[in-house]
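K.L.:
One file is attached below, work17.cif, containing mmCIF, C-alpha atoms (C1' of nucleotides).
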data_upload
#
loop_
_atom_site.label_atom_id
_atom_site.label_comp_id
_atom_site.auth_asym_id
_atom_site.auth_seq_id
_atom_site.Cartn_x
_atom_site.Cartn_y
_atom_site.Cartn_z
CA MET A 1 0.00 0.00 0.00
CA LYS A 2 1.48 3.30 -1.12
CA ASN A 3 0.37 6.75 -0.05
CA GLN A 4 0.83 10.42 -0.86
CA ILE A 5 0.84 11.75 2.67
CA LYS A 6 4.27 13.31 2.59
CA GLU A 7 3.59 15.12 -0.67
CA LEU A 8 0.23 16.50 0.42
CA ARG A 9 1.50 17.38 3.88
CA LYS A 10 4.37 19.39 2.41
CA ALA A 11 2.05 21.06 -0.05
CA LYS A 12 0.03 22.22 2.96
CA LYS A 13 3.26 23.28 4.70
CA ILE A 14 2.58 21.50 7.94
CA SER A 15 4.91 19.31 10.01
CA GLN A 16 4.40 15.66 10.92
CA GLN A 17 3.72 16.90 14.45
CA GLU A 18 0.93 19.23 13.30
CA LEU A 19 -0.72 16.57 11.14
CA ALA A 20 -0.39 14.14 14.05
CA ASP A 21 -2.06 16.62 16.40
CA TYR A 22 -4.95 17.17 13.98
CA CYS A 23 -5.45 13.40 13.74
CA LYS A 24 -4.90 12.83 17.46
CA VAL A 25 -2.05 10.38 17.04
CA THR A 26 1.63 10.70 17.80
CA ARG A 27 4.25 12.15 15.49
CA GLN A 28 5.86 8.72 15.29
CA THR A 29 2.67 7.20 13.96
CA VAL A 30 2.49 9.74 11.13
CA ASN A 31 6.17 9.24 10.44
CA ALA A 32 5.85 5.45 10.28
CA ILE A 33 2.89 5.65 7.91
CA GLU A 34 4.56 8.21 5.64
CA ASN A 35 7.56 5.92 5.42
CA GLU A 36 5.32 2.90 4.85
CA LYS A 37 6.39 0.94 7.92
CA TYR A 38 2.76 -0.09 8.28
CA ASP A 39 -0.71 0.89 7.10
CA PRO A 40 -2.96 3.06 9.27
CA SER A 41 -6.23 1.83 10.66
CA LEU A 42 -9.23 2.66 8.46
CA GLN A 43 -10.32 5.41 10.86
CA LEU A 44 -6.88 7.01 10.83
CA ALA A 45 -6.82 6.78 7.03
CA PHE A 46 -10.05 8.81 6.96
CA ASP A 47 -8.66 11.32 9.48
CA LEU A 48 -5.47 11.76 7.46
CA ALA A 49 -7.43 12.23 4.24
CA ARG A 50 -9.75 14.76 5.81
CA ASN A 51 -6.92 16.81 7.29
CA LEU A 52 -5.12 16.79 3.96
CA ASN A 53 -8.28 17.84 2.10
CA THR A 54 -8.51 14.71 0.04
CA THR A 55 -10.12 11.25 -0.01
CA VAL A 56 -8.93 7.88 1.20
CA ASP A 57 -9.10 6.56 -2.36
CA THR A 58 -6.73 9.20 -3.66
CA LEU A 59 -4.45 9.39 -0.61
CA PHE A 60 -3.76 5.65 -0.63
CA ILE A 61 -2.97 3.40 -3.56
CA SER A 62 -3.77 -0.28 -3.09
CA GLU A 63 -1.25 -2.19 -5.18
CA LYS A 64 -3.19 -5.16 -6.50
CA MET B 1 -17.60 3.91 11.29
CA LYS B 2 -20.61 2.83 9.29
CA ASN B 3 -20.58 0.90 6.05
CA GLN B 4 -22.84 -0.24 3.24
CA ILE B 5 -21.39 -3.68 2.75
CA LYS B 6 -24.53 -5.65 3.44
CA GLU B 7 -26.62 -3.53 1.08
CA LEU B 8 -24.13 -3.70 -1.78
CA ARG B 9 -23.44 -7.40 -1.22
CA LYS B 10 -27.13 -8.22 -1.41
CA ALA B 11 -27.53 -6.06 -4.48
CA LYS B 12 -24.84 -8.21 -6.07
CA LYS B 13 -26.61 -11.35 -4.80
CA ILE B 14 -23.57 -12.91 -3.24
CA SER B 15 -23.18 -14.50 0.20
CA GLN B 16 -20.85 -13.43 2.98
CA GLN B 17 -18.85 -16.54 2.17
CA GLU B 18 -18.42 -15.56 -1.47
CA LEU B 19 -17.40 -12.02 -0.64
CA ALA B 20 -15.00 -13.39 1.97
CA ASP B 21 -13.47 -15.73 -0.60
CA TYR B 22 -12.98 -12.91 -3.10
CA CYS B 23 -11.24 -10.84 -0.41
CA LYS B 24 -9.30 -13.82 0.97
CA VAL B 25 -10.60 -13.51 4.52
CA THR B 26 -12.92 -15.72 6.53
CA ARG B 27 -16.68 -15.55 6.51
CA GLN B 28 -16.59 -14.48 10.17
CA THR B 29 -14.49 -11.47 9.28
CA VAL B 30 -16.99 -10.26 6.69
CA ASN B 31 -19.85 -10.93 9.09
CA ALA B 32 -18.22 -9.00 11.92
CA ILE B 33 -17.48 -6.02 9.68
CA GLU B 34 -21.00 -5.98 8.20
CA ASN B 35 -22.39 -5.99 11.72
CA GLU B 36 -19.90 -3.34 12.79
CA LYS B 37 -18.14 -5.35 15.47
CA TYR B 38 -14.90 -3.78 14.28
CA ASP B 39 -13.44 -1.95 11.30
CA PRO B 40 -11.46 -3.75 8.61
CA SER B 41 -7.80 -3.07 7.98
CA LEU B 42 -7.17 -0.48 5.27
CA GLN B 43 -6.14 -3.18 2.81
CA LEU B 44 -9.30 -5.18 3.44
CA ALA B 45 -11.38 -2.01 3.06
CA PHE B 46 -9.89 -1.59 -0.42
CA ASP B 47 -10.49 -5.26 -1.25
CA LEU B 48 -14.12 -5.06 -0.12
CA ALA B 49 -14.68 -1.89 -2.11
CA ARG B 50 -13.14 -3.36 -5.23
CA ASN B 51 -15.18 -6.55 -5.03
CA LEU B 52 -18.36 -4.56 -4.52
CA ASN B 53 -17.53 -2.29 -7.47
CA THR B 54 -17.26 0.85 -5.39
CA THR B 55 -14.74 3.00 -3.53
CA VAL B 56 -13.58 3.04 0.07
CA ASP B 57 -14.94 6.56 0.47
CA THR B 58 -18.43 5.54 -0.53
CA LEU B 59 -18.45 2.10 1.09
CA PHE B 60 -17.46 3.46 4.49
CA ILE B 61 -18.79 6.50 6.30
CA SER B 62 -16.48 8.02 8.90
CA GLU B 63 -18.73 9.55 11.56
CA LYS B 64 -16.84 12.67 12.62
"C1'" DC C 1 -41.93 -30.63 5.80
"C1'" DA C 2 -37.00 -31.81 5.26
"C1'" DA C 3 -32.63 -30.70 3.65
"C1'" DT C 4 -29.42 -27.23 2.68
"C1'" DA C 5 -27.48 -22.76 2.67
"C1'" DT C 6 -26.76 -18.70 5.09
"C1'" DT C 7 -26.07 -15.95 8.94
"C1'" DG C 8 -24.99 -14.84 13.87
"C1'" DT C 9 -22.03 -15.56 17.60
"C1'" DC C 10 -18.30 -17.05 20.89
"C1'" DA C 11 -13.69 -18.14 22.72
"C1'" DA C 12 -8.88 -18.64 22.16
"C1'" DA C 13 -4.81 -17.75 19.55
"C1'" DT C 14 -2.06 -14.98 16.38
"C1'" DA C 15 -0.86 -10.84 13.81
"C1'" DC C 16 -0.96 -6.09 13.29
"C1'" DT C 17 -1.73 -1.04 14.71
"C1'" DC C 18 -0.49 2.43 17.66
"C1'" DT C 19 1.55 4.60 21.80
"C1'" DT C 20 5.28 5.91 24.66
"C1'" DT C 21 9.95 6.97 25.62
"C1'" DA C 22 14.20 7.87 24.06
"C1'" DC C 23 18.02 9.17 21.21
"C1'" DA C 24 20.27 10.39 16.70
"C1'" DT C 25 20.35 12.82 12.41
"C1'" DT C 26 18.96 16.31 9.23
"C1'" DT C 27 16.95 20.71 8.11
"C1'" DT C 28 15.69 25.35 9.06
"C1'" DT C 29 16.23 29.70 11.12
"C1'" DA C 30 18.24 33.41 13.87
"C1'" DT D 1 27.74 28.96 12.80
"C1'" DA D 2 24.90 27.93 16.75
"C1'" DA D 3 20.30 27.00 18.28
"C1'" DA D 4 15.95 25.25 17.37
"C1'" DA D 5 12.79 22.58 14.76
"C1'" DA D 6 11.81 18.65 12.19
"C1'" DT D 7 12.56 14.03 10.94
"C1'" DG D 8 14.10 9.03 11.34
"C1'" DT D 9 14.31 5.09 14.09
"C1'" DA D 10 13.95 1.41 17.72
"C1'" DA D 11 12.11 -1.37 21.56
"C1'" DA D 12 8.41 -2.61 24.69
"C1'" DG D 13 3.71 -2.86 25.58
"C1'" DA D 14 -1.47 -1.98 25.01
"C1'" DG D 15 -5.19 -2.43 22.08
"C1'" DT D 16 -7.40 -4.06 17.72
"C1'" DA D 17 -8.02 -7.15 13.52
"C1'" DT D 18 -8.22 -11.70 11.88
"C1'" DT D 19 -8.24 -16.76 12.07
"C1'" DT D 20 -9.91 -21.16 13.51
"C1'" DG D 21 -13.27 -24.27 15.11
"C1'" DA D 22 -17.58 -24.81 16.74
"C1'" DC D 23 -22.54 -24.51 17.48
"C1'" DA D 24 -27.16 -22.31 17.07
"C1'" DA D 25 -30.61 -19.78 14.61
"C1'" DT D 26 -32.71 -18.21 10.45
"C1'" DA D 27 -33.72 -18.32 5.55
"C1'" DT D 28 -34.10 -20.71 1.26
"C1'" DT D 29 -35.10 -24.47 -1.72
"C1'" DG D 30 -36.65 -29.10 -3.18
#
Rewrite the coordinates I just gave you, this time as structure tokens.
P.N.:
Amino acid sequence: MKNQIKELRKAKKISQQELADYCKVTRQTVNAIENEKYDPSLQLAFDLARNLNTTVDTLFISEK
Amino acid sequence: MKNQIKELRKAKKISQQELADYCKVTRQTVNAIENEKYDPSLQLAFDLARNLNTTVDTLFISEK
DNA sequence: CAATATTGTCAAATACTCTTTACATTTTTA
DNA sequence: TAAAAATGTAAAGAGTATTTGACAATATTG
């Protein structure tokens, strides 16, 4: 599963910490997901999409 | 998190078992998600959406 | 009605998500 | 260049997702 979090976050000019705060998770969680250590839960995927003004289907790319 | 899995599955006239097979999970997993016992992983959300000919953003409704 | 398919549910075990704490490295800014 | 901010990473533990096996209840079909 790939994602465009880093690109959209930078386009919005916010830090991992700020995005993490908006989504109510830790900075390390955002960092791990950006660097594809693991996939977020479905709820967190929705929270990330919302805070980056996009949709889950465009933020994440299921490689199948 | 709400979802429209049951409605779309019935519209397609397939059983929980068939949908589970397509997504490579157990019947119990599909049943639990339909009945909102817990949310699927992000990957399974994409698999469910794809097999029901829809998108994650329309199949699931994040209540926030 | 009887047989079969489908669905609901439960408990125990395993795998994965996420947090916390901590420290190192890189980037930005004064 | 020095200080501050941002990022990368790792280990341990809590909480959640999924599997397996099993049994009961409901719906469908012959």
K.L.:
Please evaluate the PyMOL selection byres ((chain A and resi 34) around 10) against the structure above and give the resulting residues as an MDAnalysis selection string.
P.N.:
chainID A and resid 2:7 9 16 28:33 35:40
K.L.:
What does the PyMOL selection byres ((chain D and resi 15) around 9) select in this file, as number ranges by chain?
P.N.:
C: 17-18; D: 14, 16
K.L.:
Which residue, B:Leu52, B:Leu42, B:Leu59, B:Cys23, has the smallest gap to chain C when you use all atoms listed in the file?
P.N.:
B:Leu42
K.L.:
Counting all atoms listed in the file, which residues of chain A come no farther than 7 Å from chain B, as a PyMOL selection string?
P.N.:
chain A and resi 39-43+46+55-57+62
K.L.:
Would you kindly return, as a PyMOL selection string, each protein, DNA or RNA residue with an atom no farther than 9 Å from any atom of DA5 (chain D), considering all atoms listed in the file and excluding same-chain residues fewer than 6 positions away?
P.N.:
chain C and resi 27-29
K.L.:
If chain B is fitted onto chain A by least squares over all C-alpha atoms, taken pair by pair in sequence order, what do its new coordinates look like as a PDB file with C-alpha atoms, keeping the file's coordinate frame?
P.N.:
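Generated output (result.pdb):
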ATOM      1  CA  MET B   1       0.022   0.049   0.039  1.00  0.00           C
ATOM      2  CA  LYS B   2       1.476   3.335  -1.109  1.00  0.00           C
ATOM      3  CA  ASN B   3       0.359   6.778  -0.050  1.00  0.00           C
ATOM      4  CA  GLN B   4       0.832  10.443  -0.856  1.00  0.00           C
ATOM      5  CA  ILE B   5       0.851  11.767   2.668  1.00  0.00           C
ATOM      6  CA  LYS B   6       4.282  13.329   2.599  1.00  0.00           C
ATOM      7  CA  GLU B   7       3.615  15.134  -0.677  1.00  0.00           C
ATOM      8  CA  LEU B   8       0.251  16.517   0.409  1.00  0.00           C
ATOM      9  CA  ARG B   9       1.519  17.413   3.883  1.00  0.00           C
ATOM     10  CA  LYS B  10       4.395  19.399   2.430  1.00  0.00           C
ATOM     11  CA  ALA B  11       2.087  21.083  -0.036  1.00  0.00           C
ATOM     12  CA  LYS B  12       0.078  22.232   2.969  1.00  0.00           C
ATOM     13  CA  LYS B  13       3.308  23.293   4.713  1.00  0.00           C
ATOM     14  CA  ILE B  14       2.615  21.508   7.944  1.00  0.00           C
ATOM     15  CA  SER B  15       4.919  19.279  10.003  1.00  0.00           C
ATOM     16  CA  GLN B  16       4.405  15.642  10.900  1.00  0.00           C
ATOM     17  CA  GLN B  17       3.715  16.859  14.417  1.00  0.00           C
ATOM     18  CA  GLU B  18       0.943  19.189  13.283  1.00  0.00           C
ATOM     19  CA  LEU B  19      -0.703  16.561  11.128  1.00  0.00           C
ATOM     20  CA  ALA B  20      -0.410  14.102  14.012  1.00  0.00           C
ATOM     21  CA  ASP B  21      -2.067  16.586  16.358  1.00  0.00           C
ATOM     22  CA  TYR B  22      -4.951  17.167  13.952  1.00  0.00           C
ATOM     23  CA  CYS B  23      -5.480  13.399  13.692  1.00  0.00           C
ATOM     24  CA  LYS B  24      -4.928  12.820  17.422  1.00  0.00           C
ATOM     25  CA  VAL B  25      -2.084  10.345  17.005  1.00  0.00           C
ATOM     26  CA  THR B  26       1.603  10.621  17.805  1.00  0.00           C
ATOM     27  CA  ARG B  27       4.239  12.064  15.539  1.00  0.00           C
ATOM     28  CA  GLN B  28       5.845   8.612  15.311  1.00  0.00           C
ATOM     29  CA  THR B  29       2.644   7.170  13.920  1.00  0.00           C
ATOM     30  CA  VAL B  30       2.497   9.723  11.112  1.00  0.00           C
ATOM     31  CA  ASN B  31       6.194   9.226  10.423  1.00  0.00           C
ATOM     32  CA  ALA B  32       5.878   5.451  10.236  1.00  0.00           C
ATOM     33  CA  ILE B  33       2.900   5.652   7.884  1.00  0.00           C
ATOM     34  CA  GLU B  34       4.580   8.231   5.624  1.00  0.00           C
ATOM     35  CA  ASN B  35       7.597   5.957   5.412  1.00  0.00           C
ATOM     36  CA  GLU B  36       5.374   2.939   4.846  1.00  0.00           C
ATOM     37  CA  LYS B  37       6.420   0.960   7.898  1.00  0.00           C
ATOM     38  CA  TYR B  38       2.787  -0.064   8.268  1.00  0.00           C
ATOM     39  CA  ASP B  39      -0.684   0.950   7.134  1.00  0.00           C
ATOM     40  CA  PRO B  40      -2.945   3.115   9.278  1.00  0.00           C
ATOM     41  CA  SER B  41      -6.213   1.863  10.695  1.00  0.00           C
ATOM     42  CA  LEU B  42      -9.227   2.658   8.521  1.00  0.00           C
ATOM     43  CA  GLN B  43     -10.319   5.411  10.893  1.00  0.00           C
ATOM     44  CA  LEU B  44      -6.896   7.042  10.826  1.00  0.00           C
ATOM     45  CA  ALA B  45      -6.851   6.789   7.025  1.00  0.00           C
ATOM     46  CA  PHE B  46     -10.078   8.812   6.969  1.00  0.00           C
ATOM     47  CA  ASP B  47      -8.684  11.329   9.466  1.00  0.00           C
ATOM     48  CA  LEU B  48      -5.496  11.781   7.434  1.00  0.00           C
ATOM     49  CA  ALA B  49      -7.468  12.216   4.233  1.00  0.00           C
ATOM     50  CA  ARG B  50      -9.786  14.758   5.792  1.00  0.00           C
ATOM     51  CA  ASN B  51      -6.951  16.811   7.253  1.00  0.00           C
ATOM     52  CA  LEU B  52      -5.143  16.797   3.927  1.00  0.00           C
ATOM     53  CA  ASN B  53      -8.314  17.845   2.086  1.00  0.00           C
ATOM     54  CA  THR B  54      -8.549  14.686   0.031  1.00  0.00           C
ATOM     55  CA  THR B  55     -10.147  11.239   0.014  1.00  0.00           C
ATOM     56  CA  VAL B  56      -8.945   7.860   1.215  1.00  0.00           C
ATOM     57  CA  ASP B  57      -9.111   6.537  -2.338  1.00  0.00           C
ATOM     58  CA  THR B  58      -6.764   9.183  -3.645  1.00  0.00           C
ATOM     59  CA  LEU B  59      -4.479   9.395  -0.613  1.00  0.00           C
ATOM     60  CA  PHE B  60      -3.785   5.666  -0.609  1.00  0.00           C
ATOM     61  CA  ILE B  61      -2.980   3.407  -3.530  1.00  0.00           C
ATOM     62  CA  SER B  62      -3.758  -0.276  -3.037  1.00  0.00           C
ATOM     63  CA  GLU B  63      -1.213  -2.190  -5.120  1.00  0.00           C
ATOM     64  CA  LYS B  64      -3.193  -5.166  -6.406  1.00  0.00           C
TER      65      LYS B  64
END
K.L.:
Suppose you want the space between C1' of DT26 (chain C) and CA of Asn53 (chain A); what is it in Å?
P.N.:
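One can read the C1' of DT26 (chain C) to CA of Asn53 (chain A) distance as 28.2 Å.
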K.L.:
Evaluate the PyMOL selection byres ((chain C) within 12 of (chain B)) and record the selected residues as a CSV table (one decimal) with C-alpha atoms (C1' of nucleotides), in the coordinates of the input, following the chain and residue labels used in the document.
P.N.:
chain,number,residue,atom,x,y,z
C,5,DA,C1',-27.5,-22.8,2.7
C,6,DT,C1',-26.8,-18.7,5.1
C,7,DT,C1',-26.1,-16.0,8.9
C,8,DG,C1',-25.0,-14.8,13.9
C,9,DT,C1',-22.0,-15.6,17.6
C,10,DC,C1',-18.3,-17.0,20.9
C,15,DA,C1',-0.9,-10.8,13.8
C,16,DC,C1',-1.0,-6.1,13.3
C,17,DT,C1',-1.7,-1.0,14.7
K.L.:
Enter the distance from C1' of DA22 (chain C) to C1' of DT1 (chain D), in Å, rounded to one decimal.
P.N.:
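One can read the C1' of DA22 (chain C) to C1' of DT1 (chain D) distance as 27.5 Å.
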K.L.:
Find the residues in chain D near chain A: any atom within 10 Å counts, using all atoms listed in the file. Write them as JSON, numbers by chain.
P.N.:
{"D": [5, 6, 7, 8, 9, 16, 17]}
K.L.:
Just how far from CA of Leu48 (chain B) is CA of Lys12 (chain B), in Å to one decimal?
P.N.:
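Computing the Euclidean distance for CA of Lys12 (chain B) and CA of Leu48 (chain B) yields 12.7 Å.
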K.L.:
Using all atoms listed in the file, find all polymer residues with an atom at most 12 Å away from the point (-44.9, -30.9, 4.5); report them as a VMD selection string.
P.N.:
(chain C and resid 1 to 2) or (chain D and resid 30)
K.L.:
Need the axis-aligned box for region 8-20 of chain D with 4 Å each side, so what are the centre and edges in Å to one decimal, as JSON?
P.N.:
{"center_x": 2.2, "center_y": -6.1, "center_z": 18.5, "size_x": 32.2, "size_y": 38.2, "size_z": 22.2}
